[in-house]
file start14.pdb (PDB, C-alpha atoms)
MODEL        1
ATOM      1  CA  MET A   1      -6.772 -17.113  11.548
ATOM      2  CA  ARG A   2      -4.079 -14.584  12.380
ATOM      3  CA  VAL A   3      -3.632 -11.767   9.853
ATOM      4  CA  VAL A   4      -0.397  -9.773   9.899
ATOM      5  CA  LEU A   5       0.193  -6.662   7.806
ATOM      6  CA  ALA A   6       3.890  -6.199   7.059
ATOM      7  CA  SER A   7       3.616  -2.438   6.902
ATOM      8  CA  ALA A   8       3.816   0.653   9.076
ATOM      9  CA  SER A   9       0.965   2.283   7.162
ATOM     10  CA  PRO A  10      -2.039   3.090   9.378
ATOM     11  CA  ALA A  11      -4.106   3.669   6.226
ATOM     12  CA  ARG A  12      -3.557   0.083   5.009
ATOM     13  CA  LEU A  13      -4.421  -1.292   8.412
ATOM     14  CA  ASP A  14      -7.590   0.796   8.457
ATOM     15  CA  VAL A  15      -8.606  -0.504   5.012
ATOM     16  CA  LEU A  16      -8.394  -4.080   6.286
ATOM     17  CA  ARG A  17     -10.246  -3.368   9.508
ATOM     18  CA  ARG A  18     -13.040  -1.497   7.734
ATOM     19  CA  ALA A  19     -13.421  -4.556   5.522
ATOM     20  CA  GLY A  20     -13.981  -6.731   8.590
ATOM     21  CA  VAL A  21     -10.471  -8.131   8.988
ATOM     22  CA  SER A  22      -8.912  -7.874  12.440
ATOM     23  CA  ALA A  23      -5.281  -7.479  11.403
ATOM     24  CA  GLU A  24      -2.176  -6.530  13.315
ATOM     25  CA  ALA A  25       0.745  -4.557  11.915
ATOM     26  CA  ILE A  26       4.397  -5.535  12.203
ATOM     27  CA  ILE A  27       7.015  -3.221  10.711
ATOM     28  CA  SER A  28       9.377  -5.121   8.412
ATOM     29  CA  GLY A  29      12.443  -2.938   8.859
ATOM     30  CA  VAL A  30      13.253  -3.153   5.134
ATOM     31  CA  ASP A  31      15.415  -0.279   3.880
ATOM     32  CA  GLU A  32      13.429   0.846   0.844
ATOM     33  CA  THR A  33      16.064   3.379  -0.220
ATOM     34  CA  ALA A  34      18.619   0.615  -0.814
ATOM     35  CA  VAL A  35      16.542  -1.073  -3.526
ATOM     36  CA  GLU A  36      16.733  -0.006  -7.178
ATOM     37  CA  VAL A  37      14.547  -1.852  -9.681
ATOM     38  CA  ASP A  38      12.835  -0.784 -12.906
ATOM     39  CA  PRO A  39      10.076  -0.267 -13.931
ATOM     40  CA  PRO A  40       8.170   1.274 -10.975
ATOM     41  CA  SER A  41       5.660  -1.604 -10.887
ATOM     42  CA  ALA A  42       8.526  -4.094 -10.469
ATOM     43  CA  LEU A  43      10.044  -1.974  -7.706
ATOM     44  CA  ALA A  44       6.742  -1.882  -5.817
ATOM     45  CA  LEU A  45       6.439  -5.666  -6.073
ATOM     46  CA  THR A  46      10.053  -6.239  -5.023
ATOM     47  CA  LEU A  47       9.609  -4.121  -1.912
ATOM     48  CA  ALA A  48       6.325  -5.851  -1.048
ATOM     49  CA  ARG A  49       8.061  -9.223  -1.413
ATOM     50  CA  MET A  50      10.920  -8.149   0.856
ATOM     51  CA  LYS A  51       8.568  -6.774   3.530
ATOM     52  CA  ALA A  52       6.425  -9.898   3.618
ATOM     53  CA  ALA A  53       9.440 -12.195   3.770
ATOM     54  CA  ALA A  54      11.106 -10.227   6.567
ATOM     55  CA  VAL A  55       8.001 -10.377   8.750
ATOM     56  CA  ALA A  56       7.139 -13.999   7.929
ATOM     57  CA  ASP A  57      10.669 -15.137   8.773
ATOM     58  CA  ALA A  58      10.494 -13.399  12.152
ATOM     59  CA  LEU A  59       7.147 -14.848  13.209
ATOM     60  CA  VAL A  60       6.983 -17.577  15.800
ATOM     61  CA  ALA A  61       4.745 -20.418  14.660
ATOM     62  CA  GLY A  62       1.477 -20.585  16.566
ATOM     63  CA  PRO A  63      -1.452 -22.981  16.688
ATOM     64  CA  GLU A  64      -3.503 -21.035  14.130
ATOM     65  CA  PRO A  65      -2.749 -20.401  10.439
ATOM     66  CA  THR A  66      -1.204 -17.009   9.715
ATOM     67  CA  VAL A  67      -1.639 -14.752   6.702
ATOM     68  CA  VAL A  68       1.163 -12.254   6.088
ATOM     69  CA  ILE A  69       0.404  -9.355   3.740
ATOM     70  CA  GLY A  70       3.238  -7.248   2.368
ATOM     71  CA  CYS A  71       2.480  -4.116   0.343
ATOM     72  CA  ASP A  72       4.360  -1.215  -1.148
ATOM     73  CA  SER A  73       3.045   1.685  -3.211
ATOM     74  CA  LEU A  74       4.718   3.977  -5.727
ATOM     75  CA  LEU A  75       3.330   6.713  -7.934
ATOM     76  CA  GLU A  76       4.609   6.619 -11.505
ATOM     77  CA  VAL A  77       4.731   9.923 -13.370
ATOM     78  CA  GLU A  78       6.326   9.974 -16.821
ATOM     79  CA  GLY A  79       7.994   6.627 -16.159
ATOM     80  CA  ARG A  80       9.600   7.704 -12.890
ATOM     81  CA  ALA A  81       8.810   6.139  -9.520
ATOM     82  CA  GLN A  82       7.864   8.425  -6.667
ATOM     83  CA  GLY A  83       7.763   7.077  -3.156
ATOM     84  CA  LYS A  84       7.603   9.226  -0.052
ATOM     85  CA  PRO A  85       9.297  12.586  -0.687
ATOM     86  CA  PRO A  86      12.414  12.953   1.488
ATOM     87  CA  ASP A  87      11.892  16.648   2.182
ATOM     88  CA  ILE A  88       9.650  19.669   1.643
ATOM     89  CA  ALA A  89      11.504  20.869  -1.449
ATOM     90  CA  THR A  90      11.035  17.505  -3.176
ATOM     91  CA  ALA A  91       7.350  17.387  -2.270
ATOM     92  CA  ARG A  92       6.841  20.845  -3.733
ATOM     93  CA  GLN A  93       8.681  19.952  -6.949
ATOM     94  CA  ARG A  94       6.601  16.802  -7.373
ATOM     95  CA  TRP A  95       3.315  18.620  -6.936
ATOM     96  CA  GLN A  96       4.349  21.355  -9.345
ATOM     97  CA  ALA A  97       5.156  18.645 -11.902
ATOM     98  CA  MET A  98       1.989  16.563 -11.477
ATOM     99  CA  ARG A  99      -0.694  19.229 -10.961
ATOM    100  CA  GLY A 100      -3.261  19.141 -13.730
ATOM    101  CA  ARG A 101      -1.864  15.818 -14.898
ATOM    102  CA  SER A 102      -2.230  12.104 -14.208
ATOM    103  CA  GLY A 103      -0.086   9.383 -12.704
ATOM    104  CA  THR A 104      -0.320   5.652 -12.085
ATOM    105  CA  LEU A 105      -0.336   4.370  -8.518
ATOM    106  CA  HIS A 106       1.289   0.925  -8.379
ATOM    107  CA  THR A 107       0.874  -1.235  -5.278
ATOM    108  CA  GLY A 108       2.821  -4.454  -5.024
ATOM    109  CA  HIS A 109       1.149  -7.216  -3.000
ATOM    110  CA  ARG A 110       2.829 -10.310  -1.582
ATOM    111  CA  VAL A 111       0.743 -12.753   0.479
ATOM    112  CA  ILE A 112       2.238 -15.619   2.468
ATOM    113  CA  VAL A 113       0.127 -18.235   4.245
ATOM    114  CA  LEU A 114       1.799 -20.112   7.083
ATOM    115  CA  ASP A 115       0.056 -23.217   8.394
ATOM    116  CA  ALA A 116       0.614 -26.893   9.240
ATOM    117  CA  ASP A 117       1.509 -27.600   5.599
ATOM    118  CA  GLY A 118       4.326 -25.055   5.617
ATOM    119  CA  ALA A 119       4.416 -21.794   3.665
ATOM    120  CA  ARG A 120       2.856 -20.885   0.344
ATOM    121  CA  ALA A 121       2.793 -17.502  -1.370
ATOM    122  CA  THR A 122       1.560 -15.476  -4.297
ATOM    123  CA  GLU A 123       2.154 -11.932  -5.526
ATOM    124  CA  ALA A 124       0.676  -9.358  -7.890
ATOM    125  CA  VAL A 125       0.589  -5.648  -8.648
ATOM    126  CA  ALA A 126      -2.492  -3.419  -8.799
ATOM    127  CA  ALA A 127      -2.396  -0.234 -10.867
ATOM    128  CA  THR A 128      -4.784   2.706 -10.599
ATOM    129  CA  ILE A 129      -4.694   5.896 -12.658
ATOM    130  CA  VAL A 130      -5.022   9.069 -10.588
ATOM    131  CA  HIS A 131      -5.958  12.467 -12.048
ATOM    132  CA  PHE A 132      -4.773  15.531 -10.149
ATOM    133  CA  ALA A 133      -6.294  18.997  -9.926
ATOM    134  CA  ASP A 134      -4.409  21.990 -11.288
ATOM    135  CA  LEU A 135      -3.315  23.406  -7.934
ATOM    136  CA  SER A 136      -1.964  26.902  -7.457
ATOM    137  CA  ASP A 137       1.421  27.415  -5.819
ATOM    138  CA  ALA A 138      -0.390  28.716  -2.732
ATOM    139  CA  GLU A 139      -2.448  25.525  -2.479
ATOM    140  CA  ILE A 140       0.644  23.380  -2.888
ATOM    141  CA  ASP A 141       2.497  25.268  -0.160
ATOM    142  CA  ALA A 142      -0.492  25.086   2.185
ATOM    143  CA  TYR A 143      -0.862  21.346   1.646
ATOM    144  CA  ILE A 144       2.829  20.680   2.189
ATOM    145  CA  ALA A 145       2.728  22.775   5.369
ATOM    146  CA  THR A 146       0.316  20.229   6.874
ATOM    147  CA  GLY A 147       3.068  17.590   6.680
ATOM    148  CA  GLU A 148       0.801  14.998   5.088
ATOM    149  CA  PRO A 149       2.588  14.835   1.697
ATOM    150  CA  LEU A 150       5.809  13.807   3.444
ATOM    151  CA  TRP A 151       4.233  10.706   4.941
ATOM    152  CA  VAL A 152       2.869   9.001   1.843
ATOM    153  CA  ALA A 153       3.932   7.640  -1.534
ATOM    154  CA  GLY A 154       3.434  10.155  -4.308
ATOM    155  CA  ALA A 155       3.082  13.017  -1.807
ATOM    156  CA  PHE A 156      -0.716  12.793  -1.715
ATOM    157  CA  THR A 157      -3.625  10.983  -0.111
ATOM    158  CA  VAL A 158      -7.093  10.336  -1.475
ATOM    159  CA  ASP A 159      -8.621   9.651   1.937
ATOM    160  CA  GLY A 160      -7.136  12.596   3.807
ATOM    161  CA  LEU A 161      -6.337  16.266   3.283
ATOM    162  CA  GLY A 162      -5.275  15.545  -0.298
ATOM    163  CA  GLY A 163      -8.682  14.210  -1.299
ATOM    164  CA  PRO A 164      -9.945  17.484  -2.833
ATOM    165  CA  PHE A 165      -6.863  17.592  -5.067
ATOM    166  CA  VAL A 166      -7.703  14.279  -6.774
ATOM    167  CA  THR A 167     -10.217  14.902  -9.563
ATOM    168  CA  GLY A 168     -10.684  11.318 -10.690
ATOM    169  CA  ILE A 169      -9.591   7.693 -10.346
ATOM    170  CA  GLU A 170      -9.560   4.905 -12.918
ATOM    171  CA  GLY A 171      -9.386   1.585 -11.098
ATOM    172  CA  ASP A 172      -9.627   0.410  -7.510
ATOM    173  CA  HIS A 173     -10.036   3.231  -4.988
ATOM    174  CA  HIS A 174      -8.590   1.103  -2.178
ATOM    175  CA  ASN A 175      -5.382   0.629  -4.152
ATOM    176  CA  VAL A 176      -4.728   4.363  -3.963
ATOM    177  CA  VAL A 177      -4.955   4.127  -0.181
ATOM    178  CA  GLY A 178      -2.298   1.399  -0.344
ATOM    179  CA  LEU A 179      -3.991  -1.994  -0.570
ATOM    180  CA  SER A 180      -6.332  -3.416  -3.225
ATOM    181  CA  LEU A 181      -9.098  -5.391  -1.522
ATOM    182  CA  PRO A 182     -10.409  -7.058  -4.713
ATOM    183  CA  LEU A 183      -6.904  -8.172  -5.682
ATOM    184  CA  LEU A 184      -6.157  -9.363  -2.155
ATOM    185  CA  ARG A 185      -9.333 -11.454  -2.143
ATOM    186  CA  THR A 186      -8.294 -13.144  -5.406
ATOM    187  CA  MET A 187      -4.778 -13.805  -4.130
ATOM    188  CA  LEU A 188      -6.088 -15.399  -0.954
ATOM    189  CA  LEU A 189      -8.361 -17.671  -2.988
ATOM    190  CA  GLU A 190      -5.299 -18.833  -4.933
ATOM    191  CA  LEU A 191      -3.804 -19.891  -1.615
ATOM    192  CA  GLY A 192      -6.953 -21.676  -0.459
ATOM    193  CA  VAL A 193      -8.173 -18.969   1.919
ATOM    194  CA  ALA A 194     -11.710 -17.628   1.554
ATOM    195  CA  TRP A 195     -11.979 -13.891   2.175
ATOM    196  CA  THR A 196     -15.083 -14.369   4.298
ATOM    197  CA  SER A 197     -13.177 -16.706   6.614
ATOM    198  CA  LEU A 198     -11.213 -13.679   7.810
ATOM    199  CA  TRP A 199     -14.394 -12.104   9.151
ATOM    200  CA  GLY A 200     -14.433 -14.617  11.989
ATOM    201  CA  ALA A 201     -11.548 -12.966  13.850
ATOM    202  CA  PRO A 202     -12.616 -11.588  17.263
ATOM    203  CA  GLY A 203     -13.624  -7.961  17.057
ATOM    204  CA  ALA A 204     -13.239  -7.816  13.285
ATOM    205  CA  LEU A 205     -16.784  -6.752  12.439
ATOM    206  CA  ARG A 206     -17.964  -3.327  13.527
TER     207      ARG A 206
ENDMDL
END
call {"tool": "encode", "arguments": {"input": "start14.pdb", "output": "C-alpha cells"}}
result
Amino acid sequence: MRVVLASASPARLDVLRRAGVSAEAIISGVDETAVEVDPPSALALTLARMKAAAVADALVAGPEPTVVIGCDSLLEVEGRAQGKPPDIATARQRWQAMRGRSGTLHTGHRVIVLDADGARATEAVAATIVHFADLSDAEIDAYIATGEPLWVAGAFTVDGLGGPFVTGIEGDHHNVVGLSLPLLRTMLLELGVAWTSLWGAPGALR
C-alpha cells in the first residue's frame, strides 16, 4: 500500500517512518495564509482537509491502494491561533507571551484512501496541552537565533532544540510533533485499513 503524506514537514514524515510506515511526502501547495476560520481547531482541520484534497487530486492512480494523510498544526494561546511565526519579532513576542504558561496544540488530520472502490475519507482533530518553561529574555533570544522557532507552528519543538523549554504535556506526545499516531490508527480502521498492514511496505521496518 502506498502512503503519501501531504505535508512538507520532515518531523511528521519521521514520526511515520519511526512507526514502521514507509511514507513519501508530497507538498500540497496550499496557501495557508489565505484561510481564515475560527476556532483554531477548525482552522487546523480545514487546512488539513485542503492539503489532503490537493495531493489526492494530483495523484495518478496506480495498481496499489493509496493512503493520503493531510495534517496541519496550530498552537492556541488564549483563544488565538499561532502557526509558524512570519519573522523574528513575532517569534520573540509569542515566546514572551507564552513563557511560564500553557497552550493547546491542535492538529487537524484528514485521511483519504484511494483504491479500486474509489475514494473514501475521514477527518478529526487531536488536541494536546503543552506547558512551557518560564524562559528568560536571553534564553528566548538564543533560541530564536537558532532559526528553529521560525520553522514550526507555535514557534517551538518538543523533539528538537525547544525540548528543554517544554515542562509538561497532557495528551499525545506525537501530536505535538505534528501527527497523532493513535488517532491516525483509529481513522484508518474507520476506512477499513489496519495499521499493521502498513508495516509491510518495503524498507518500512528498521
call {"tool": "residues_around", "arguments": {"input": "start14.pdb", "residues": "Gly160 in chain A", "least_positions_apart": "4", "cutoff": "10 Å", "atoms": "all atoms listed in the file", "output": "MDAnalysis selection string"}}
result
chainID A and resid 11 148 156 164 177
call {"tool": "write_last_selection", "arguments": {"input": "start14.pdb", "atoms": "C-alpha atoms", "output": "compact mmCIF listing (two decimals), in the coordinates of the input"}}
result
# COMPACT_ATOMS: atom_id res chain seq x y z
CA ALA A 11 -4.11 3.67 6.23
CA GLU A 148 0.80 15.00 5.09
CA PHE A 156 -0.72 12.79 -1.72
CA PRO A 164 -9.94 17.48 -2.83
CA VAL A 177 -4.96 4.13 -0.18
call {"tool": "closest_residue", "arguments": {"input": "start14.pdb", "among": "A:Met50, A:Leu161, A:Leu181, A:Ile112", "to": "Ala142 in chain A", "atoms": "all atoms listed in the file"}}
result
A:Leu161
call {"tool": "closest_residue", "arguments": {"input": "start14.pdb", "among": "A:Gly154, A:Gly70, A:Gly103, A:Pro65", "to": "Thr122 in chain A", "atoms": "all atoms listed in the file"}}
result
A:Gly70
call {"tool": "residues_around", "arguments": {"input": "start14.pdb", "residues": "Ala116 in chain A", "least_positions_apart": "6", "cutoff": "12 Å", "atoms": "only C-alpha atoms", "output": "VMD selection string"}}
result
chain A and resid 61 to 66
call {"tool": "closest_residue", "arguments": {"input": "start14.pdb", "among": "A:Arg92, A:Lys51, A:Arg110, A:His174", "to": "Leu16 in chain A", "atoms": "all atoms listed in the file"}}
result
A:His174
call {"tool": "closest_residue", "arguments": {"input": "start14.pdb", "among": "A:Val193, A:Ala81, A:Ile69, A:Ala155", "to": "Ile140 in chain A", "atoms": "only C-alpha atoms"}}
result
A:Ala155
call {"tool": "atom_distance", "arguments": {"input": "start14.pdb", "atom1": "CA of Thr128 in chain A", "atom2": "CA of Ala97 in chain A"}}
result
18.8 Å
call {"tool": "closest_residue", "arguments": {"input": "start14.pdb", "among": "A:Ala48, A:Gly168, A:Thr146, A:Ser136", "to": "Arg99 in chain A", "atoms": "only C-alpha atoms"}}
result
A:Ser136
call {"tool": "residues_near_point", "arguments": {"input": "start14.pdb", "point": "(-2.9, 11.4, -8.0)", "cutoff": "9 Å", "atoms": "all atoms listed in the file", "output": "list in words"}}
result
Leu75, Met98, Arg99, Arg101, Ser102, Gly103, Thr104, Leu105, Ile129, Val130, His131, Phe132, Ala133, Gly154, Ala155, Phe156, Thr157, Val158, Phe165, Val166, Thr167, Gly168, Ile169 and Val176 of chain A
call {"tool": "atom_distance", "arguments": {"input": "start14.pdb", "atom1": "CA of Gln82 in chain A", "atom2": "CA of Leu43 in chain A"}}
result
10.7 Å
call {"tool": "resolve_selection", "arguments": {"input": "start14.pdb", "expression": "the PyMOL selection byres ((chain A and resi 49) around 9)", "output": "NGL selection string"}}
result
:A and (44-48 or 50-54 or 70-72 or 108-111 or 123)
call {"tool": "write_last_selection", "arguments": {"input": "start14.pdb", "atoms": "C-alpha atoms", "output": "short mmCIF file (atom, residue, chain, number, x, y, z; two decimals), in the frame of the given file"}}
result
data_model
loop_
_atom_site.label_atom_id
_atom_site.label_comp_id
_atom_site.auth_asym_id
_atom_site.auth_seq_id
_atom_site.Cartn_x
_atom_site.Cartn_y
_atom_site.Cartn_z
CA ALA A 44 6.74 -1.88 -5.82
CA LEU A 45 6.44 -5.67 -6.07
CA THR A 46 10.05 -6.24 -5.02
CA LEU A 47 9.61 -4.12 -1.91
CA ALA A 48 6.32 -5.85 -1.05
CA MET A 50 10.92 -8.15 0.86
CA LYS A 51 8.57 -6.77 3.53
CA ALA A 52 6.42 -9.90 3.62
CA ALA A 53 9.44 -12.20 3.77
CA ALA A 54 11.11 -10.23 6.57
CA GLY A 70 3.24 -7.25 2.37
CA CYS A 71 2.48 -4.12 0.34
CA ASP A 72 4.36 -1.22 -1.15
CA GLY A 108 2.82 -4.45 -5.02
CA HIS A 109 1.15 -7.22 -3.00
CA ARG A 110 2.83 -10.31 -1.58
CA VAL A 111 0.74 -12.75 0.48
CA GLU A 123 2.15 -11.93 -5.53
#
call {"tool": "residues_around", "arguments": {"input": "start14.pdb", "residues": "Met1 in chain A", "least_positions_apart": "5", "cutoff": "12 Å", "atoms": "only C-alpha atoms", "output": "list in words"}}
result
Val21, Ser22, Ala23, Glu24, Gly62, Pro63, Glu64, Pro65, Thr66, Val67, Val68, Val113, Leu114, Asp115, Val193, Ala194, Trp195, Thr196, Ser197, Leu198, Trp199, Gly200, Ala201, Pro202 and Ala204 of chain A
call {"tool": "atom_distance", "arguments": {"input": "start14.pdb", "atom1": "CA of His173 in chain A", "atom2": "CA of Arg12 in chain A"}}
result
12.3 Å
call {"tool": "closest_residue", "arguments": {"input": "start14.pdb", "among": "A:Gly83, A:Leu74, A:Gln96, A:Ala8", "to": "Ala138 in chain A", "atoms": "all atoms listed in the file"}}
result
A:Gln96
call {"tool": "axis_aligned_box", "arguments": {"input": "start14.pdb", "around": "range 174-182 of chain A", "padding_each_side": "5 Å", "output": "JSON"}}
result
{"center_x": -6.4, "center_y": -1.3, "center_z": -2.4, "size_x": 18.1, "size_y": 21.4, "size_z": 14.5}
